[in-house]
Amino acid sequence: MMDAYLYTYAAHESEQALCALELSELLGSFPVTPKPSPAPSSRGLLFSERAVNPDRSPFLTARLDVWFAASTAEELALQAASLSLPEEMTFKVVYLKESDACSYEEQRTRERSIGACIQGQARMKSPDVTFGLAATGGKWLLGELHLPPRQWLEHTSKPHNYSTGLSSRTARALVNIAAPRLEGTTFLDPCCGMGNVLIEALSMGLRAEGGDLNPLAVQGARVNLRHYGYGEDCVRIQDMNDRSGRYDTAVLDLPYNVCSVLPEEEKIQMLRSLRRLTGRAVIVATEPLETLLADTGWTVLRHVQTRKGTFTRDIWLCQSM
């Protein structure tokens with residue numbers, strides 16, 4: 001098949017725009033039309049030529065490495081007969097719920113019929129290999145299924161955090177948008193606060209650095225970094241306008257609070273400094289920035305919003321002009 005990987009995803013209605021932006025950058029294609037759900041969320045399928053660890057994304061729920069494709073389930077079963085596992089290896093077959101709708105009984109029947117063709121020892125609990133079965137777009141697909149362990153969810157319980165700080169889910173998505181390619185990428189979080197974005201970047205293996213003007217924030221970030229086993233040397237007390245060097249990408253979460261608004265001249269200076277430090281950035285704010293972004297030499301590639309209750313954030317993916 002041209003697209004060798006099939007991904008499943010799920011997003012709450014307040015995060016659907018962020019999900020679409022993240023997956024388009026991470027996988028190089030947009031999510032297909034989501035399937036209706038009684039819950040305030042969407043789920044669906046996405047094909048891609050890129051092999052990405054589904055654990056990187058807060059929205060990806062699985063990756064199917066497509067080995068076989070056929071027009072009917074019967075044809076797929078014939079192809080599955082070529083699979084021969086070592087005698088000691090166990091397996092099971094799982095029908096992806098994001099696939100074309102069919103009854104529970106039909107799903108189990110298809111799983112059993114495909115599984116009966118695979119040469120190996122079937123085991124429903126804790127198998128060595130899980131095969132995914134999907135029906136979509138008039139095709140039946142079979143391959144190895146990879147499920148994310150979600151160890152990064154431990155990051156939701158940091159020793160220190162702001163009540164209005166970015167959630168681990170949002171922070172992780174922002175890192176993926178800023179740095180869809182990890183290898184050799186240098187990453188900057190110049191206003192890192194308690195280190196929410198920085199921790200997600202480091203957990204993915206990025207060469208990440210951070211800084212903040214607020215000594216208390218940096219202290220909290222260092223405690224959080226140590227808590228998750230990361231070195232604290234990557235973050236320091238610093239005005240981003242005084243920072244030197246050049247980075248491949250960055251996430252700038254502009255400072256804000258409920259009592260004051262950052263003066264426009266300070267925002268302009270920060271956006272200009274960011275452009276000096278990198279040519280690609282994800283910029284986050286709680287107020288419109290389009291005019292200032294253009295005036296400081298940034299081109300907006302995509303713009304989305306995400307909500308947390310009544311609190312709305314604007315997110316811009318930008319590159320320098």
# chains A, B, ... in the order shown; residues from 1 in each chain; ligands from 1
>>> select_by_dssp(residues="stretch 11-217 of chain A", states="strand (DSSP E or B)", output="number ranges by chain")
A: 11-12, 35, 41-48, 60-70, 84, 90-95, 119, 121-122, 129-136, 139-146, 186-189, 207-212
>>> closest_atom_pairs(of="stretch 193-276 of chain A", to="stretch 159-166 of chain A", cutoff="9 Å", atoms="only C-alpha atoms", output="JSON lines")
{"residue": "A:Gly193", "atom": "CA", "partner": "A:Gly165", "partner_atom": "CA", "distance": 8.1}
{"residue": "A:Met194", "atom": "CA", "partner": "A:Asn161", "partner_atom": "CA", "distance": 5.8}
{"residue": "A:Gly195", "atom": "CA", "partner": "A:Asn161", "partner_atom": "CA", "distance": 8.6}
{"residue": "A:Asn196", "atom": "CA", "partner": "A:Leu166", "partner_atom": "CA", "distance": 6.6}
{"residue": "A:Val197", "atom": "CA", "partner": "A:Leu166", "partner_atom": "CA", "distance": 7.7}
{"residue": "A:Ala217", "atom": "CA", "partner": "A:Asn161", "partner_atom": "CA", "distance": 8.9}
{"residue": "A:Gly220", "atom": "CA", "partner": "A:His160", "partner_atom": "CA", "distance": 5.7}
{"residue": "A:Ala221", "atom": "CA", "partner": "A:His160", "partner_atom": "CA", "distance": 7.5}
{"residue": "A:Val223", "atom": "CA", "partner": "A:Pro159", "partner_atom": "CA", "distance": 7.2}
{"residue": "A:Asn224", "atom": "CA", "partner": "A:Pro159", "partner_atom": "CA", "distance": 6.0}
{"residue": "A:His227", "atom": "CA", "partner": "A:Pro159", "partner_atom": "CA", "distance": 7.6}
{"residue": "A:Asp253", "atom": "CA", "partner": "A:Leu166", "partner_atom": "CA", "distance": 8.9}
{"residue": "A:Asn257", "atom": "CA", "partner": "A:Thr164", "partner_atom": "CA", "distance": 8.3}
>>> write_last_selection(atoms="N, CA, C and O atoms", output="PDB file, in the first residue's frame")
ATOM      1  N   GLY A 193       8.183  28.959  32.437  1.00  0.00           N
ATOM      2  CA  GLY A 193       7.346  28.812  33.619  1.00  0.00           C
ATOM      3  C   GLY A 193       7.798  27.642  34.471  1.00  0.00           C
ATOM      4  O   GLY A 193       8.980  27.498  34.776  1.00  0.00           O
ATOM      5  N   MET A 194       6.863  26.763  34.816  1.00  0.00           N
ATOM      6  CA  MET A 194       7.167  25.602  35.649  1.00  0.00           C
ATOM      7  C   MET A 194       7.702  24.418  34.846  1.00  0.00           C
ATOM      8  O   MET A 194       7.869  23.326  35.379  1.00  0.00           O
ATOM      9  N   GLY A 195       7.957  24.628  33.550  1.00  0.00           N
ATOM     10  CA  GLY A 195       8.612  23.594  32.744  1.00  0.00           C
ATOM     11  C   GLY A 195       7.692  22.600  32.077  1.00  0.00           C
ATOM     12  O   GLY A 195       8.147  21.535  31.638  1.00  0.00           O
ATOM     13  N   ASN A 196       6.402  22.910  31.958  1.00  0.00           N
ATOM     14  CA  ASN A 196       5.457  21.959  31.372  1.00  0.00           C
ATOM     15  C   ASN A 196       5.842  21.552  29.953  1.00  0.00           C
ATOM     16  O   ASN A 196       5.860  20.358  29.619  1.00  0.00           O
ATOM     17  N   VAL A 197       6.129  22.520  29.109  1.00  0.00           N
ATOM     18  CA  VAL A 197       6.520  22.231  27.726  1.00  0.00           C
ATOM     19  C   VAL A 197       7.893  21.579  27.690  1.00  0.00           C
ATOM     20  O   VAL A 197       8.134  20.617  26.943  1.00  0.00           O
ATOM     21  N   ALA A 217       9.636  30.709  39.225  1.00  0.00           N
ATOM     22  CA  ALA A 217       9.230  29.781  38.168  1.00  0.00           C
ATOM     23  C   ALA A 217      10.372  28.845  37.821  1.00  0.00           C
ATOM     24  O   ALA A 217      10.179  27.628  37.674  1.00  0.00           O
ATOM     25  N   GLY A 220      10.748  26.273  40.480  1.00  0.00           N
ATOM     26  CA  GLY A 220       9.717  25.253  40.343  1.00  0.00           C
ATOM     27  C   GLY A 220       9.986  24.325  39.174  1.00  0.00           C
ATOM     28  O   GLY A 220       9.782  23.107  39.274  1.00  0.00           O
ATOM     29  N   ALA A 221      10.457  24.888  38.048  1.00  0.00           N
ATOM     30  CA  ALA A 221      10.780  24.066  36.884  1.00  0.00           C
ATOM     31  C   ALA A 221      11.885  23.072  37.206  1.00  0.00           C
ATOM     32  O   ALA A 221      11.831  21.900  36.806  1.00  0.00           O
ATOM     33  N   VAL A 223      12.661  21.811  40.150  1.00  0.00           N
ATOM     34  CA  VAL A 223      12.103  20.756  41.013  1.00  0.00           C
ATOM     35  C   VAL A 223      11.325  19.746  40.164  1.00  0.00           C
ATOM     36  O   VAL A 223      11.455  18.525  40.340  1.00  0.00           O
ATOM     37  N   ASN A 224      10.514  20.250  39.230  1.00  0.00           N
ATOM     38  CA  ASN A 224       9.734  19.363  38.365  1.00  0.00           C
ATOM     39  C   ASN A 224      10.645  18.502  37.493  1.00  0.00           C
ATOM     40  O   ASN A 224      10.390  17.301  37.306  1.00  0.00           O
ATOM     41  N   HIS A 227      12.121  15.812  39.530  1.00  0.00           N
ATOM     42  CA  HIS A 227      11.084  14.851  39.903  1.00  0.00           C
ATOM     43  C   HIS A 227      10.918  13.771  38.841  1.00  0.00           C
ATOM     44  O   HIS A 227      10.646  12.600  39.171  1.00  0.00           O
ATOM     45  N   ASP A 253       5.179  30.585  25.002  1.00  0.00           N
ATOM     46  CA  ASP A 253       3.906  30.819  25.687  1.00  0.00           C
ATOM     47  C   ASP A 253       4.027  32.184  26.349  1.00  0.00           C
ATOM     48  O   ASP A 253       4.643  32.315  27.413  1.00  0.00           O
ATOM     49  N   ASN A 257      -1.401  36.970  33.129  1.00  0.00           N
ATOM     50  CA  ASN A 257      -2.086  36.648  34.387  1.00  0.00           C
ATOM     51  C   ASN A 257      -3.413  37.400  34.399  1.00  0.00           C
ATOM     52  O   ASN A 257      -3.721  38.156  33.477  1.00  0.00           O
TER      53      ASN A 257
END
>>> residues_around(residues="A:Ala250", least_positions_apart="2", cutoff="12 Å", atoms="only C-alpha atoms", output="compact mmCIF listing (two decimals) with all heavy atoms, in the first residue's frame")
# COMPACT_ATOMS: atom_id res chain seq x y z
N LEU A 174 1.84 20.86 21.55
CA LEU A 174 2.61 22.02 21.08
C LEU A 174 4.02 21.62 20.67
O LEU A 174 4.56 22.10 19.65
CB LEU A 174 2.66 23.10 22.15
CG LEU A 174 1.33 23.74 22.55
CD1 LEU A 174 1.55 24.79 23.64
CD2 LEU A 174 0.62 24.35 21.36
N VAL A 175 4.64 20.73 21.44
CA VAL A 175 5.98 20.26 21.10
C VAL A 175 5.94 19.52 19.76
O VAL A 175 6.82 19.71 18.90
CB VAL A 175 6.55 19.36 22.21
CG1 VAL A 175 7.86 18.72 21.76
CG2 VAL A 175 6.77 20.16 23.48
N ASN A 176 4.94 18.68 19.56
CA ASN A 176 4.84 17.94 18.30
C ASN A 176 4.62 18.85 17.11
O ASN A 176 5.12 18.60 16.02
CB ASN A 176 3.70 16.92 18.39
CG ASN A 176 4.08 15.71 19.22
OD1 ASN A 176 5.24 15.30 19.25
ND2 ASN A 176 3.11 15.13 19.91
N ILE A 177 3.85 19.93 17.31
CA ILE A 177 3.62 20.89 16.23
C ILE A 177 4.91 21.62 15.90
O ILE A 177 5.26 21.82 14.74
CB ILE A 177 2.51 21.88 16.62
CG1 ILE A 177 1.18 21.15 16.78
CG2 ILE A 177 2.38 22.99 15.58
CD1 ILE A 177 0.11 21.97 17.49
N ALA A 178 5.63 22.02 16.94
CA ALA A 178 6.88 22.76 16.74
C ALA A 178 7.98 21.88 16.17
O ALA A 178 8.78 22.33 15.34
CB ALA A 178 7.34 23.38 18.05
N ALA A 179 8.03 20.63 16.61
CA ALA A 179 9.13 19.73 16.23
C ALA A 179 8.60 18.37 15.79
O ALA A 179 8.75 17.37 16.49
CB ALA A 179 10.08 19.56 17.41
N PRO A 180 7.99 18.30 14.60
CA PRO A 180 7.50 17.00 14.13
C PRO A 180 8.61 15.99 13.91
O PRO A 180 8.39 14.79 13.97
CB PRO A 180 6.77 17.34 12.83
CG PRO A 180 7.30 18.68 12.42
CD PRO A 180 7.64 19.39 13.67
N THR A 185 17.13 17.77 16.37
CA THR A 185 16.43 19.05 16.47
C THR A 185 16.74 19.74 17.80
O THR A 185 16.65 19.13 18.87
CB THR A 185 14.92 18.84 16.35
OG1 THR A 185 14.62 18.27 15.07
CG2 THR A 185 14.16 20.15 16.48
N THR A 186 17.10 21.02 17.72
CA THR A 186 17.31 21.82 18.92
C THR A 186 16.04 22.61 19.21
O THR A 186 15.44 23.20 18.31
CB THR A 186 18.50 22.76 18.77
OG1 THR A 186 18.34 23.57 17.59
CG2 THR A 186 19.79 21.97 18.65
N PHE A 187 15.64 22.65 20.48
CA PHE A 187 14.33 23.17 20.88
C PHE A 187 14.50 24.18 22.01
O PHE A 187 15.28 23.97 22.94
CB PHE A 187 13.45 22.01 21.33
CG PHE A 187 12.08 22.40 21.82
CD1 PHE A 187 11.01 22.42 20.96
CD2 PHE A 187 11.87 22.74 23.15
CE1 PHE A 187 9.74 22.78 21.41
CE2 PHE A 187 10.62 23.08 23.62
CZ PHE A 187 9.56 23.12 22.74
N LEU A 188 13.75 25.27 21.92
CA LEU A 188 13.81 26.33 22.94
C LEU A 188 12.43 26.64 23.49
O LEU A 188 11.47 26.79 22.73
CB LEU A 188 14.42 27.60 22.34
CG LEU A 188 14.46 28.84 23.25
CD1 LEU A 188 15.39 28.60 24.44
CD2 LEU A 188 14.88 30.08 22.47
N ASP A 189 12.36 26.77 24.82
CA ASP A 189 11.17 27.28 25.50
C ASP A 189 11.64 28.48 26.32
O ASP A 189 12.05 28.34 27.47
CB ASP A 189 10.57 26.21 26.40
CG ASP A 189 9.30 26.68 27.11
OD1 ASP A 189 8.89 27.83 26.88
OD2 ASP A 189 8.75 25.89 27.91
N PRO A 190 11.60 29.69 25.73
CA PRO A 190 12.22 30.86 26.37
C PRO A 190 11.46 31.44 27.56
O PRO A 190 12.02 32.23 28.32
CB PRO A 190 12.30 31.86 25.23
CG PRO A 190 11.15 31.52 24.35
CD PRO A 190 11.03 30.02 24.41
N CYS A 191 10.17 31.09 27.70
CA CYS A 191 9.38 31.52 28.85
C CYS A 191 8.76 30.26 29.46
O CYS A 191 7.55 30.03 29.37
CB CYS A 191 8.30 32.51 28.43
SG CYS A 191 8.94 34.05 27.75
N CYS A 192 9.60 29.44 30.08
CA CYS A 192 9.22 28.06 30.38
C CYS A 192 8.32 27.91 31.60
O CYS A 192 7.76 26.83 31.82
CB CYS A 192 10.46 27.20 30.55
SG CYS A 192 11.45 27.58 32.03
N VAL A 197 6.13 22.52 29.11
CA VAL A 197 6.52 22.23 27.73
C VAL A 197 7.89 21.58 27.69
O VAL A 197 8.13 20.62 26.94
CB VAL A 197 6.51 23.52 26.88
CG1 VAL A 197 7.17 23.30 25.52
CG2 VAL A 197 5.07 24.02 26.69
N LEU A 198 8.80 22.09 28.50
CA LEU A 198 10.17 21.58 28.53
C LEU A 198 10.21 20.10 28.89
O LEU A 198 10.95 19.31 28.28
CB LEU A 198 10.99 22.40 29.52
CG LEU A 198 12.51 22.33 29.44
CD1 LEU A 198 13.01 22.73 28.06
CD2 LEU A 198 13.12 23.22 30.51
N ALA A 201 9.12 18.02 25.93
CA ALA A 201 10.16 18.00 24.90
C ALA A 201 11.28 17.04 25.29
O ALA A 201 11.74 16.24 24.47
CB ALA A 201 10.71 19.41 24.69
N LEU A 206 14.17 15.36 22.68
CA LEU A 206 14.66 16.58 22.04
C LEU A 206 15.80 17.20 22.84
O LEU A 206 15.86 17.09 24.06
CB LEU A 206 13.53 17.60 21.92
CG LEU A 206 12.55 17.41 20.76
CD1 LEU A 206 11.32 18.28 20.96
CD2 LEU A 206 13.21 17.71 19.43
N ARG A 207 16.69 17.87 22.13
CA ARG A 207 17.75 18.66 22.77
C ARG A 207 17.12 20.01 23.13
O ARG A 207 17.09 20.94 22.34
CB ARG A 207 18.93 18.82 21.82
CG ARG A 207 19.63 17.51 21.48
CD ARG A 207 20.44 17.61 20.21
NE ARG A 207 21.40 18.71 20.26
CZ ARG A 207 22.07 19.17 19.20
NH1 ARG A 207 21.84 18.64 17.99
NH2 ARG A 207 22.93 20.16 19.32
N ALA A 208 16.59 20.08 24.33
CA ALA A 208 15.74 21.21 24.72
C ALA A 208 16.39 22.06 25.79
O ALA A 208 17.07 21.56 26.69
CB ALA A 208 14.39 20.69 25.22
N GLU A 209 16.16 23.37 25.68
CA GLU A 209 16.61 24.34 26.68
C GLU A 209 15.44 25.26 27.02
O GLU A 209 14.55 25.49 26.20
CB GLU A 209 17.78 25.17 26.16
CG GLU A 209 19.05 24.38 25.88
CD GLU A 209 20.17 25.25 25.37
OE1 GLU A 209 20.06 26.50 25.50
OE2 GLU A 209 21.15 24.71 24.84
N GLY A 210 15.48 25.81 28.23
CA GLY A 210 14.43 26.73 28.65
C GLY A 210 14.97 27.81 29.56
O GLY A 210 16.08 27.73 30.07
N GLY A 211 14.16 28.82 29.74
CA GLY A 211 14.53 29.92 30.61
C GLY A 211 13.31 30.71 31.02
O GLY A 211 12.23 30.59 30.41
N MET A 240 14.59 36.38 27.77
CA MET A 240 14.77 35.85 26.43
C MET A 240 15.38 36.87 25.48
O MET A 240 16.02 36.52 24.49
CB MET A 240 13.45 35.33 25.86
CG MET A 240 12.40 36.38 25.54
SD MET A 240 10.98 35.68 24.66
CE MET A 240 11.70 35.31 23.05
N ARG A 246 21.10 29.96 18.29
CA ARG A 246 20.11 29.71 17.24
C ARG A 246 19.56 28.30 17.45
O ARG A 246 20.32 27.35 17.68
CB ARG A 246 20.76 29.84 15.87
CG ARG A 246 19.80 29.76 14.70
CD ARG A 246 18.98 31.01 14.55
NE ARG A 246 18.10 30.93 13.36
CZ ARG A 246 17.19 31.84 13.06
NH1 ARG A 246 17.03 32.90 13.85
NH2 ARG A 246 16.45 31.72 11.98
N TYR A 247 18.24 28.16 17.35
CA TYR A 247 17.56 26.89 17.59
C TYR A 247 16.70 26.54 16.37
O TYR A 247 16.23 27.42 15.64
CB TYR A 247 16.69 26.99 18.84
CG TYR A 247 17.47 27.33 20.09
CD1 TYR A 247 17.79 28.66 20.38
CD2 TYR A 247 17.89 26.34 20.96
CE1 TYR A 247 18.53 28.99 21.52
CE2 TYR A 247 18.62 26.65 22.10
CZ TYR A 247 18.94 27.98 22.38
OH TYR A 247 19.67 28.30 23.50
N ASP A 248 16.48 25.24 16.20
CA ASP A 248 15.67 24.80 15.06
C ASP A 248 14.21 25.18 15.21
O ASP A 248 13.52 25.48 14.22
CB ASP A 248 15.79 23.28 14.88
CG ASP A 248 17.19 22.84 14.51
OD1 ASP A 248 17.81 23.52 13.67
OD2 ASP A 248 17.67 21.83 15.06
N LEU A 252 6.81 29.47 22.34
CA LEU A 252 6.75 30.67 23.18
C LEU A 252 5.34 30.83 23.71
O LEU A 252 4.41 31.14 22.96
CB LEU A 252 7.16 31.91 22.38
CG LEU A 252 6.95 33.26 23.10
CD1 LEU A 252 7.77 33.33 24.38
CD2 LEU A 252 7.28 34.42 22.17
N ASP A 253 5.18 30.59 25.00
CA ASP A 253 3.91 30.82 25.69
C ASP A 253 4.03 32.18 26.35
O ASP A 253 4.64 32.31 27.41
CB ASP A 253 3.66 29.71 26.70
CG ASP A 253 2.27 29.78 27.33
OD1 ASP A 253 1.43 30.56 26.83
OD2 ASP A 253 2.04 29.06 28.32
N LEU A 271 8.76 39.01 20.47
CA LEU A 271 8.55 38.38 19.17
C LEU A 271 9.74 38.61 18.24
O LEU A 271 10.11 37.73 17.46
CB LEU A 271 7.26 38.89 18.54
CG LEU A 271 5.97 38.47 19.25
CD1 LEU A 271 4.77 39.19 18.65
CD2 LEU A 271 5.77 36.96 19.16
N SER A 273 12.87 39.07 19.34
CA SER A 273 13.93 38.24 19.90
C SER A 273 13.74 36.78 19.49
O SER A 273 14.71 36.08 19.17
CB SER A 273 13.96 38.36 21.42
OG SER A 273 14.34 39.66 21.82
N LEU A 274 12.49 36.32 19.50
CA LEU A 274 12.21 34.95 19.11
C LEU A 274 12.64 34.71 17.66
O LEU A 274 13.22 33.67 17.34
CB LEU A 274 10.72 34.66 19.28
CG LEU A 274 10.28 33.22 18.98
CD1 LEU A 274 10.87 32.25 20.00
CD2 LEU A 274 8.75 33.12 18.96
N ARG A 275 12.37 35.67 16.80
CA ARG A 275 12.75 35.53 15.39
C ARG A 275 14.27 35.47 15.23
O ARG A 275 14.79 34.81 14.33
CB ARG A 275 12.16 36.70 14.59
CG ARG A 275 12.35 36.59 13.08
CD ARG A 275 11.46 37.58 12.37
NE ARG A 275 11.73 37.58 10.93
CZ ARG A 275 12.41 38.52 10.30
NH1 ARG A 275 12.89 39.55 10.99
NH2 ARG A 275 12.62 38.45 9.01
N ARG A 276 14.99 36.16 16.11
CA ARG A 276 16.45 36.11 16.07
C ARG A 276 16.96 34.74 16.52
O ARG A 276 18.00 34.27 16.05
CB ARG A 276 17.01 37.21 17.00
CG ARG A 276 18.52 37.18 17.19
CD ARG A 276 18.99 38.37 18.01
NE ARG A 276 18.24 38.55 19.26
CZ ARG A 276 18.45 37.84 20.37
NH1 ARG A 276 19.39 36.90 20.39
NH2 ARG A 276 17.74 38.08 21.46
N LEU A 277 16.19 34.08 17.38
CA LEU A 277 16.62 32.80 17.96
C LEU A 277 16.22 31.59 17.12
O LEU A 277 16.85 30.53 17.21
CB LEU A 277 16.04 32.66 19.36
CG LEU A 277 16.56 33.66 20.40
CD1 LEU A 277 15.68 33.66 21.64
CD2 LEU A 277 18.01 33.34 20.77
N THR A 278 15.16 31.72 16.32
CA THR A 278 14.67 30.58 15.55
C THR A 278 13.88 31.05 14.34
O THR A 278 13.37 32.18 14.32
CB THR A 278 13.78 29.67 16.42
OG1 THR A 278 13.42 28.50 15.68
CG2 THR A 278 12.51 30.38 16.86
N GLY A 279 13.76 30.17 13.35
CA GLY A 279 12.97 30.49 12.17
C GLY A 279 11.61 29.82 12.17
O GLY A 279 10.81 30.04 11.26
N ARG A 280 11.34 28.98 13.17
CA ARG A 280 10.05 28.27 13.27
C ARG A 280 9.63 28.27 14.72
O ARG A 280 10.43 27.99 15.62
CB ARG A 280 10.18 26.83 12.77
CG ARG A 280 8.91 25.98 12.91
CD ARG A 280 9.18 24.54 12.51
NE ARG A 280 8.05 23.66 12.78
CZ ARG A 280 7.06 23.39 11.93
NH1 ARG A 280 7.09 23.93 10.72
NH2 ARG A 280 6.07 22.59 12.23
N ALA A 281 8.35 28.57 14.97
CA ALA A 281 7.91 28.64 16.36
C ALA A 281 6.40 28.42 16.47
O ALA A 281 5.64 28.75 15.56
CB ALA A 281 8.27 30.00 16.97
N VAL A 282 6.02 27.87 17.60
CA VAL A 282 4.62 27.85 18.01
C VAL A 282 4.47 28.93 19.08
O VAL A 282 5.19 28.92 20.08
CB VAL A 282 4.21 26.48 18.57
CG1 VAL A 282 2.82 26.55 19.18
CG2 VAL A 282 4.26 25.43 17.47
N ILE A 283 3.58 29.87 18.83
CA ILE A 283 3.40 31.01 19.72
C ILE A 283 2.00 30.93 20.33
O ILE A 283 1.00 30.76 19.62
CB ILE A 283 3.59 32.33 18.96
CG1 ILE A 283 5.02 32.38 18.37
CG2 ILE A 283 3.34 33.54 19.86
CD1 ILE A 283 5.25 33.51 17.39
N VAL A 284 1.95 31.05 21.65
CA VAL A 284 0.69 30.89 22.39
C VAL A 284 0.39 32.19 23.13
O VAL A 284 1.27 32.79 23.75
CB VAL A 284 0.80 29.74 23.41
CG1 VAL A 284 -0.54 29.51 24.11
CG2 VAL A 284 1.28 28.46 22.73
N TRP A 316 -0.52 29.85 17.34
CA TRP A 316 -0.08 30.13 15.96
C TRP A 316 1.17 29.32 15.66
O TRP A 316 2.14 29.34 16.44
CB TRP A 316 0.25 31.62 15.78
CG TRP A 316 -0.89 32.55 15.89
CD1 TRP A 316 -1.69 33.01 14.87
CD2 TRP A 316 -1.37 33.20 17.07
NE1 TRP A 316 -2.63 33.88 15.37
CE2 TRP A 316 -2.47 34.02 16.72
CE3 TRP A 316 -0.97 33.17 18.42
CZ2 TRP A 316 -3.16 34.78 17.63
CZ3 TRP A 316 -1.67 33.92 19.35
CH2 TRP A 316 -2.74 34.72 18.94
N LEU A 317 1.16 28.62 14.54
CA LEU A 317 2.39 28.00 14.01
C LEU A 317 2.94 28.98 13.00
O LEU A 317 2.28 29.35 12.03
CB LEU A 317 2.08 26.66 13.34
CG LEU A 317 3.24 26.02 12.57
CD1 LEU A 317 4.44 25.74 13.50
CD2 LEU A 317 2.78 24.75 11.87
N CYS A 318 4.18 29.43 13.24
CA CYS A 318 4.76 30.52 12.45
C CYS A 318 6.14 30.15 11.91
O CYS A 318 6.84 29.31 12.48
CB CYS A 318 4.90 31.78 13.29
SG CYS A 318 3.35 32.41 13.99
N GLN A 319 6.51 30.82 10.84
CA GLN A 319 7.90 30.79 10.37
C GLN A 319 8.29 32.23 10.05
O GLN A 319 7.46 33.09 9.75
CB GLN A 319 8.05 29.92 9.14
CG GLN A 319 7.37 30.42 7.88
CD GLN A 319 7.57 29.52 6.70
OE1 GLN A 319 7.96 28.36 6.86
NE2 GLN A 319 7.32 30.02 5.50
>>> residues_around(residues="A:Val66", least_positions_apart="6", cutoff="9 Å", atoms="only C-alpha atoms", output="count of residues only")
11
>>> select_by_dssp(residues="stretch 81-205 of chain A", states="alpha helix (DSSP H)", output="PyMOL selection string")
chain A and resi 104-117+168-178+196-203
>>> atom_distance(atom1="atom CA of A:Phe311", atom2="atom CA of A:Cys19")
17.8 Å
>>> closest_residue(among="A:Leu64, A:Ala70, A:Val304, A:Met89", to="A:Val129", atoms="only C-alpha atoms")
A:Met89
>>> atom_distance(atom1="atom CA of A:Glu264", atom2="atom CA of A:Thr170")
25.6 Å
>>> closest_atom_pairs(of="stretch 156-241 of chain A", to="stretch 50-63 of chain A", cutoff="7 Å", atoms="only C-alpha atoms", output="CSV")
residue,atom,partner,partner_atom,distance
A:Arg169,CA,A:Pro58,CA,5.6
A:Arg172,CA,A:Ser57,CA,6.8
A:Ala173,CA,A:Ser57,CA,6.4
>>> write_last_selection(atoms="C-alpha atoms", output="PDB file, in the first residue's frame")
ATOM      1  CA  ARG A 169      -1.730  17.143  26.860  1.00  0.00           C
ATOM      2  CA  ARG A 172       2.825  17.697  24.373  1.00  0.00           C
ATOM      3  CA  ALA A 173       0.784  18.676  21.327  1.00  0.00           C
TER       4      ALA A 173
END
>>> closest_residue(among="A:Glu111, A:Asp239, A:Asp65, A:Asp128", to="A:Asn214", atoms="only C-alpha atoms")
A:Asp239
>>> closest_residue(among="A:Leu254, A:Ile237, A:Pro263, A:Arg302", to="A:Thr286", atoms="only C-alpha atoms")
A:Leu254
>>> closest_residue(among="A:Ser167, A:Gln151, A:Ser14, A:Ser157", to="A:Ser203", atoms="only C-alpha atoms")
A:Gln151
>>> closest_residue(among="A:Val251, A:Leu301, A:Leu26, A:Leu133", to="A:Leu182", atoms="only C-alpha atoms")
A:Leu26
>>> closest_residue(among="A:Thr8, A:Ser48, A:Ser84, A:Ser113", to="A:Lys97", atoms="only C-alpha atoms")
A:Thr8
>>> atom_distance(atom1="atom CA of A:Gln107", atom2="atom CA of A:Val94")
8.5 Å
>>> decode(residues="stretch 222-233 of chain A", atoms="C-alpha atoms", output="compact mmCIF listing (two decimals), in the first residue's frame")
# COMPACT_ATOMS: atom_id res chain seq x y z
CA ARG A 222 14.00 22.63 38.31
CA VAL A 223 12.10 20.76 41.01
CA ASN A 224 9.73 19.36 38.37
CA LEU A 225 12.63 18.35 36.11
CA ARG A 226 14.36 16.51 38.95
CA HIS A 227 11.08 14.85 39.90
CA TYR A 228 10.90 13.19 36.48
CA GLY A 229 14.58 12.35 36.29
CA TYR A 230 15.77 15.17 34.01
CA GLY A 231 18.78 17.39 34.62
CA GLU A 232 18.09 20.95 35.67
CA ASP A 233 21.02 22.51 33.77
